[in-house]
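The data block below is target00.csv; it holds CSV, N, CA and C atoms.
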chain,number,residue,atom,x,y,z
A,118,MET,N,-59.4,-52.4,-231.4
A,118,MET,CA,-60.3,-52.5,-232.5
A,118,MET,C,-61.7,-53.0,-231.9
A,119,LYS,N,-62.7,-52.2,-232.2
A,119,LYS,CA,-64.1,-52.6,-231.7
A,119,LYS,C,-64.7,-53.6,-232.6
A,120,VAL,N,-65.4,-54.5,-232.0
A,120,VAL,CA,-66.1,-55.6,-232.8
A,120,VAL,C,-67.6,-55.2,-232.8
A,121,LYS,N,-68.1,-55.2,-234.0
A,121,LYS,CA,-69.6,-55.0,-234.2
A,121,LYS,C,-70.3,-56.3,-233.8
A,122,LEU,N,-71.4,-56.1,-233.1
A,122,LEU,CA,-72.3,-57.2,-232.7
A,122,LEU,C,-73.3,-57.5,-233.8
A,123,LYS,N,-73.5,-58.8,-234.0
A,123,LYS,CA,-74.5,-59.2,-235.0
A,123,LYS,C,-75.9,-59.3,-234.3
A,124,THR,N,-76.9,-58.8,-235.0
A,124,THR,CA,-78.3,-58.9,-234.6
A,124,THR,C,-78.8,-60.3,-234.9
A,125,LYS,N,-79.5,-60.9,-234.0
A,125,LYS,CA,-80.3,-62.2,-234.3
A,125,LYS,C,-81.5,-61.8,-235.1
A,126,ARG,N,-81.5,-62.2,-236.4
A,126,ARG,CA,-82.5,-61.7,-237.3
A,126,ARG,C,-83.9,-62.2,-237.0
A,127,GLY,N,-84.0,-63.4,-236.4
A,127,GLY,CA,-85.3,-63.9,-236.0
A,127,GLY,C,-85.9,-63.0,-234.9
A,128,ALA,N,-85.1,-62.6,-234.0
A,128,ALA,CA,-85.5,-61.7,-232.9
A,128,ALA,C,-85.9,-60.3,-233.3
A,129,ALA,N,-85.1,-59.8,-234.3
A,129,ALA,CA,-85.4,-58.5,-234.8
A,129,ALA,C,-86.7,-58.4,-235.5
A,130,LYS,N,-87.2,-59.5,-236.1
A,130,LYS,CA,-88.5,-59.6,-236.8
A,130,LYS,C,-89.6,-59.7,-235.8
A,131,ARG,N,-89.3,-60.3,-234.6
A,131,ARG,CA,-90.4,-60.6,-233.6
A,131,ARG,C,-90.7,-59.4,-232.6
A,132,PHE,N,-89.7,-58.6,-232.4
A,132,PHE,CA,-89.8,-57.6,-231.3
A,132,PHE,C,-89.6,-56.2,-231.9
A,133,LYS,N,-90.4,-55.2,-231.4
A,133,LYS,CA,-90.3,-53.8,-231.8
A,133,LYS,C,-90.0,-53.0,-230.5
A,134,LYS,N,-89.1,-52.1,-230.6
A,134,LYS,CA,-88.7,-51.2,-229.4
A,134,LYS,C,-89.7,-50.2,-229.3
A,135,THR,N,-90.1,-49.9,-228.0
A,135,THR,CA,-91.0,-48.8,-227.7
A,135,THR,C,-90.4,-48.0,-226.6
A,136,ALA,N,-91.0,-46.9,-226.2
A,136,ALA,CA,-90.5,-46.0,-225.2
A,136,ALA,C,-90.4,-46.8,-223.8
A,137,ASN,N,-91.3,-47.8,-223.6
A,137,ASN,CA,-91.3,-48.4,-222.3
A,137,ASN,C,-90.7,-49.8,-222.3
A,138,GLY,N,-90.2,-50.3,-223.4
A,138,GLY,CA,-89.6,-51.6,-223.5
A,138,GLY,C,-89.7,-52.2,-224.9
A,139,PHE,N,-90.1,-53.5,-225.0
A,139,PHE,CA,-90.3,-54.1,-226.3
A,139,PHE,C,-91.7,-54.7,-226.3
A,140,LYS,N,-92.3,-54.6,-227.5
A,140,LYS,CA,-93.6,-55.2,-227.7
A,140,LYS,C,-93.5,-56.5,-228.6
A,141,ARG,N,-94.5,-57.4,-228.4
A,141,ARG,CA,-94.4,-58.6,-229.2
A,141,ARG,C,-95.8,-59.1,-229.5
A,142,LYS,N,-96.0,-60.0,-230.5
A,142,LYS,CA,-97.3,-60.5,-230.8
A,142,LYS,C,-97.7,-61.6,-229.8
A,143,GLN,N,-98.9,-61.9,-229.7
A,143,GLN,CA,-99.4,-62.9,-228.9
A,143,GLN,C,-99.2,-64.3,-229.5
A,144,ALA,N,-98.9,-65.3,-228.7
A,144,ALA,CA,-98.7,-66.7,-229.2
A,144,ALA,C,-100.1,-67.4,-229.3
A,145,PHE,N,-100.1,-68.5,-229.9
A,145,PHE,CA,-101.3,-69.4,-230.0
A,145,PHE,C,-102.4,-68.9,-230.9
A,146,LYS,N,-102.0,-68.1,-232.0
A,146,LYS,CA,-103.0,-67.5,-232.9
A,146,LYS,C,-102.8,-68.0,-234.3
A,147,ARG,N,-101.8,-68.9,-234.5
A,147,ARG,CA,-101.4,-69.3,-235.9
A,147,ARG,C,-102.3,-70.4,-236.5
A,148,HIS,N,-102.5,-71.5,-235.8
A,148,HIS,CA,-103.2,-72.6,-236.4
A,148,HIS,C,-104.0,-73.3,-235.3
A,149,ILE,N,-104.8,-74.3,-235.7
A,149,ILE,CA,-105.7,-75.1,-234.9
A,149,ILE,C,-106.6,-74.1,-234.1
A,150,LEU,N,-107.2,-73.3,-234.9
A,150,LEU,CA,-108.1,-72.2,-234.3
A,150,LEU,C,-109.5,-72.7,-234.1
A,151,THR,N,-109.9,-73.9,-234.8
A,151,THR,CA,-111.3,-74.3,-234.7
A,151,THR,C,-111.7,-74.7,-233.3
A,152,LYS,N,-110.8,-75.3,-232.6
A,152,LYS,CA,-111.2,-75.7,-231.2
A,152,LYS,C,-111.1,-74.6,-230.2
A,153,LYS,N,-110.6,-73.4,-230.6
A,153,LYS,CA,-110.5,-72.3,-229.7
A,153,LYS,C,-111.7,-71.4,-229.8
A,154,SER,N,-112.2,-71.0,-228.7
A,154,SER,CA,-113.4,-70.2,-228.7
A,154,SER,C,-113.2,-68.8,-229.3
A,155,PRO,N,-114.3,-68.2,-229.8
A,155,PRO,CA,-114.1,-66.9,-230.4
A,155,PRO,C,-113.6,-65.8,-229.4
A,156,LYS,N,-114.0,-66.0,-228.2
A,156,LYS,CA,-113.6,-65.0,-227.2
A,156,LYS,C,-112.1,-65.2,-227.0
A,157,ARG,N,-111.6,-66.4,-227.0
A,157,ARG,CA,-110.1,-66.6,-226.8
A,157,ARG,C,-109.3,-66.1,-228.0
A,158,ILE,N,-109.8,-66.3,-229.2
A,158,ILE,CA,-109.1,-65.8,-230.4
A,158,ILE,C,-109.1,-64.3,-230.4
A,159,ARG,N,-110.2,-63.7,-230.0
A,159,ARG,CA,-110.4,-62.3,-230.0
A,159,ARG,C,-109.4,-61.6,-229.0
A,160,GLN,N,-109.2,-62.3,-227.8
A,160,GLN,CA,-108.3,-61.8,-226.8
A,160,GLN,C,-106.8,-62.0,-227.2
A,161,LEU,N,-106.6,-62.8,-228.2
A,161,LEU,CA,-105.2,-63.0,-228.6
A,161,LEU,C,-104.8,-62.0,-229.7
A,162,ARG,N,-105.7,-61.1,-230.0
A,162,ARG,CA,-105.3,-60.1,-231.0
A,162,ARG,C,-104.3,-59.0,-230.4
A,163,GLY,N,-103.7,-58.3,-231.3
A,163,GLY,CA,-102.9,-57.2,-230.8
A,163,GLY,C,-101.5,-57.6,-230.2
A,164,CYS,N,-100.9,-56.6,-229.7
A,164,CYS,CA,-99.5,-56.8,-229.1
A,164,CYS,C,-99.6,-56.6,-227.6
A,165,VAL,N,-98.6,-57.2,-227.0
A,165,VAL,CA,-98.4,-57.1,-225.5
A,165,VAL,C,-96.9,-56.8,-225.3
A,166,MET,N,-96.6,-56.2,-224.1
A,166,MET,CA,-95.3,-55.9,-223.8
A,166,MET,C,-94.5,-57.1,-223.3
A,167,VAL,N,-93.2,-57.2,-223.6
A,167,VAL,CA,-92.4,-58.3,-223.2
A,167,VAL,C,-92.2,-58.1,-221.7
A,168,HIS,N,-92.1,-59.2,-220.9
A,168,HIS,CA,-91.9,-59.2,-219.5
A,168,HIS,C,-90.6,-58.6,-219.2
A,169,VAL,N,-90.5,-57.9,-218.0
A,169,VAL,CA,-89.3,-57.2,-217.6
A,169,VAL,C,-88.1,-58.2,-217.5
A,170,ALA,N,-88.4,-59.4,-217.1
A,170,ALA,CA,-87.3,-60.4,-216.9
A,170,ALA,C,-86.7,-60.8,-218.2
A,171,ASP,N,-87.4,-60.7,-219.3
A,171,ASP,CA,-86.9,-61.1,-220.6
A,171,ASP,C,-86.2,-60.0,-221.4
A,172,VAL,N,-86.3,-58.7,-220.9
A,172,VAL,CA,-85.8,-57.6,-221.7
A,172,VAL,C,-84.3,-57.7,-221.8
A,173,PRO,N,-83.5,-58.1,-220.8
A,173,PRO,CA,-82.0,-58.1,-221.0
A,173,PRO,C,-81.6,-59.1,-222.1
A,174,SER,N,-82.3,-60.2,-222.3
A,174,SER,CA,-81.9,-61.2,-223.3
A,174,SER,C,-82.3,-60.6,-224.7
A,175,ILE,N,-83.4,-59.9,-224.8
A,175,ILE,CA,-83.8,-59.3,-226.1
A,175,ILE,C,-82.8,-58.2,-226.4
A,176,ARG,N,-82.3,-57.4,-225.4
A,176,ARG,CA,-81.3,-56.4,-225.7
A,176,ARG,C,-80.0,-57.0,-226.2
A,177,ARG,N,-79.6,-58.2,-225.7
A,177,ARG,CA,-78.4,-58.9,-226.2
A,177,ARG,C,-78.6,-59.4,-227.6
A,178,MET,N,-79.8,-59.9,-227.9
A,178,MET,CA,-80.1,-60.4,-229.3
A,178,MET,C,-80.2,-59.3,-230.3
A,179,CYS,N,-80.7,-58.1,-229.9
A,179,CYS,CA,-80.9,-57.0,-230.8
A,179,CYS,C,-80.2,-55.8,-230.2
A,180,PRO,N,-78.9,-55.7,-230.4
A,180,PRO,CA,-78.2,-54.6,-229.7
A,180,PRO,C,-78.4,-53.2,-230.4
A,181,TYR,N,-78.9,-53.1,-231.6
A,181,TYR,CA,-79.0,-51.9,-232.3
A,181,TYR,C,-80.5,-51.4,-232.6
A,182,ILE,N,-81.4,-52.1,-232.0
A,182,ILE,CA,-82.8,-51.6,-232.2
A,182,ILE,C,-83.3,-51.0,-230.9

Represent the structure from my file as structure tokens, please.
Amino acid sequence: MKVKLKTKRGAAKRFKKTANGFKRKQAFKRHILTKKSPKRIRQLRGCVMVHVADVPSIRRMCPYI
């Protein structure tokens, strides 16, 4: 009998699968923005790719995405 794996729902909401790996949002953009410079806030926009060393753990957390 095969056992279905459960997806970690928090991880499923944070990461999206792409052709080259997983993408994620940038950290440090949620609050306490007044002390951060506009240049720093601007550079935190958009998504970045997950580091290669972290991809196996994300694959374990999200086996079906």

Would you list the contacts of A:Cys179 as a list in words, taking every protein, DNA or RNA residue within 9 Å and counting only C-alpha atoms, but skipping same-chain residues closer than 5 positions in sequence?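 Near A:Cys179, the qualifying residues are Leu122, Lys123, Thr124, Lys125, Arg126, Ala128, Ala129, Phe132 and Ser174 of chain A.
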
Find the residues near A:Arg162: any atom within 8 Å, counting all atoms listed in the file, skip ones fewer than 6 places away on the same chain, and give them as a PyMOL selection string. chain A and resi 142-143+146

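When only C-alpha atoms are used to compute distances to A:Ile175, the closest of the residues A:Lys119, A:Ile158, A:Arg141, A:Ala136 turns out to be A:Arg141.
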
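The coordinates place atom CA of A:Phe145 at 17.4 Å from atom CA of A:His168.
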
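All residues of chain A that DSSP, run on the backbone, classes as alpha helix (DSSP H) are Arg126, Gly127, Ala128, Ala129, Lys130, Arg131, Pro155, Lys156, Arg157, Ile158, Arg159, Gln160, Val172, Pro173, Ser174, Ile175, Arg176, Arg177 and Met178 of chain A.
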
Kindly save the residues from that selection, with N, CA and C atoms included, as an mmCIF file, keeping the file's coordinate frame.
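Result went into part15.cif, see below:
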data_model
loop_
_atom_site.group_PDB
_atom_site.id
_atom_site.type_symbol
_atom_site.label_atom_id
_atom_site.label_comp_id
_atom_site.auth_asym_id
_atom_site.auth_seq_id
_atom_site.Cartn_x
_atom_site.Cartn_y
_atom_site.Cartn_z
ATOM 1 N N ARG A 126 -81.500 -62.200 -236.400
ATOM 2 C CA ARG A 126 -82.500 -61.700 -237.300
ATOM 3 C C ARG A 126 -83.900 -62.200 -237.000
ATOM 4 N N GLY A 127 -84.000 -63.400 -236.400
ATOM 5 C CA GLY A 127 -85.300 -63.900 -236.000
ATOM 6 C C GLY A 127 -85.900 -63.000 -234.900
ATOM 7 N N ALA A 128 -85.100 -62.600 -234.000
ATOM 8 C CA ALA A 128 -85.500 -61.700 -232.900
ATOM 9 C C ALA A 128 -85.900 -60.300 -233.300
ATOM 10 N N ALA A 129 -85.100 -59.800 -234.300
ATOM 11 C CA ALA A 129 -85.400 -58.500 -234.800
ATOM 12 C C ALA A 129 -86.700 -58.400 -235.500
ATOM 13 N N LYS A 130 -87.200 -59.500 -236.100
ATOM 14 C CA LYS A 130 -88.500 -59.600 -236.800
ATOM 15 C C LYS A 130 -89.600 -59.700 -235.800
ATOM 16 N N ARG A 131 -89.300 -60.300 -234.600
ATOM 17 C CA ARG A 131 -90.400 -60.600 -233.600
ATOM 18 C C ARG A 131 -90.700 -59.400 -232.600
ATOM 19 N N PRO A 155 -114.300 -68.200 -229.800
ATOM 20 C CA PRO A 155 -114.100 -66.900 -230.400
ATOM 21 C C PRO A 155 -113.600 -65.800 -229.400
ATOM 22 N N LYS A 156 -114.000 -66.000 -228.200
ATOM 23 C CA LYS A 156 -113.600 -65.000 -227.200
ATOM 24 C C LYS A 156 -112.100 -65.200 -227.000
ATOM 25 N N ARG A 157 -111.600 -66.400 -227.000
ATOM 26 C CA ARG A 157 -110.100 -66.600 -226.800
ATOM 27 C C ARG A 157 -109.300 -66.100 -228.000
ATOM 28 N N ILE A 158 -109.800 -66.300 -229.200
ATOM 29 C CA ILE A 158 -109.100 -65.800 -230.400
ATOM 30 C C ILE A 158 -109.100 -64.300 -230.400
ATOM 31 N N ARG A 159 -110.200 -63.700 -230.000
ATOM 32 C CA ARG A 159 -110.400 -62.300 -230.000
ATOM 33 C C ARG A 159 -109.400 -61.600 -229.000
ATOM 34 N N GLN A 160 -109.200 -62.300 -227.800
ATOM 35 C CA GLN A 160 -108.300 -61.800 -226.800
ATOM 36 C C GLN A 160 -106.800 -62.000 -227.200
ATOM 37 N N VAL A 172 -86.300 -58.700 -220.900
ATOM 38 C CA VAL A 172 -85.800 -57.600 -221.700
ATOM 39 C C VAL A 172 -84.300 -57.700 -221.800
ATOM 40 N N PRO A 173 -83.500 -58.100 -220.800
ATOM 41 C CA PRO A 173 -82.000 -58.100 -221.000
ATOM 42 C C PRO A 173 -81.600 -59.100 -222.100
ATOM 43 N N SER A 174 -82.300 -60.200 -222.300
ATOM 44 C CA SER A 174 -81.900 -61.200 -223.300
ATOM 45 C C SER A 174 -82.300 -60.600 -224.700
ATOM 46 N N ILE A 175 -83.400 -59.900 -224.800
ATOM 47 C CA ILE A 175 -83.800 -59.300 -226.100
ATOM 48 C C ILE A 175 -82.800 -58.200 -226.400
ATOM 49 N N ARG A 176 -82.300 -57.400 -225.400
ATOM 50 C CA ARG A 176 -81.300 -56.400 -225.700
ATOM 51 C C ARG A 176 -80.000 -57.000 -226.200
ATOM 52 N N ARG A 177 -79.600 -58.200 -225.700
ATOM 53 C CA ARG A 177 -78.400 -58.900 -226.200
ATOM 54 C C ARG A 177 -78.600 -59.400 -227.600
ATOM 55 N N MET A 178 -79.800 -59.900 -227.900
ATOM 56 C CA MET A 178 -80.100 -60.400 -229.300
ATOM 57 C C MET A 178 -80.200 -59.300 -230.300
#
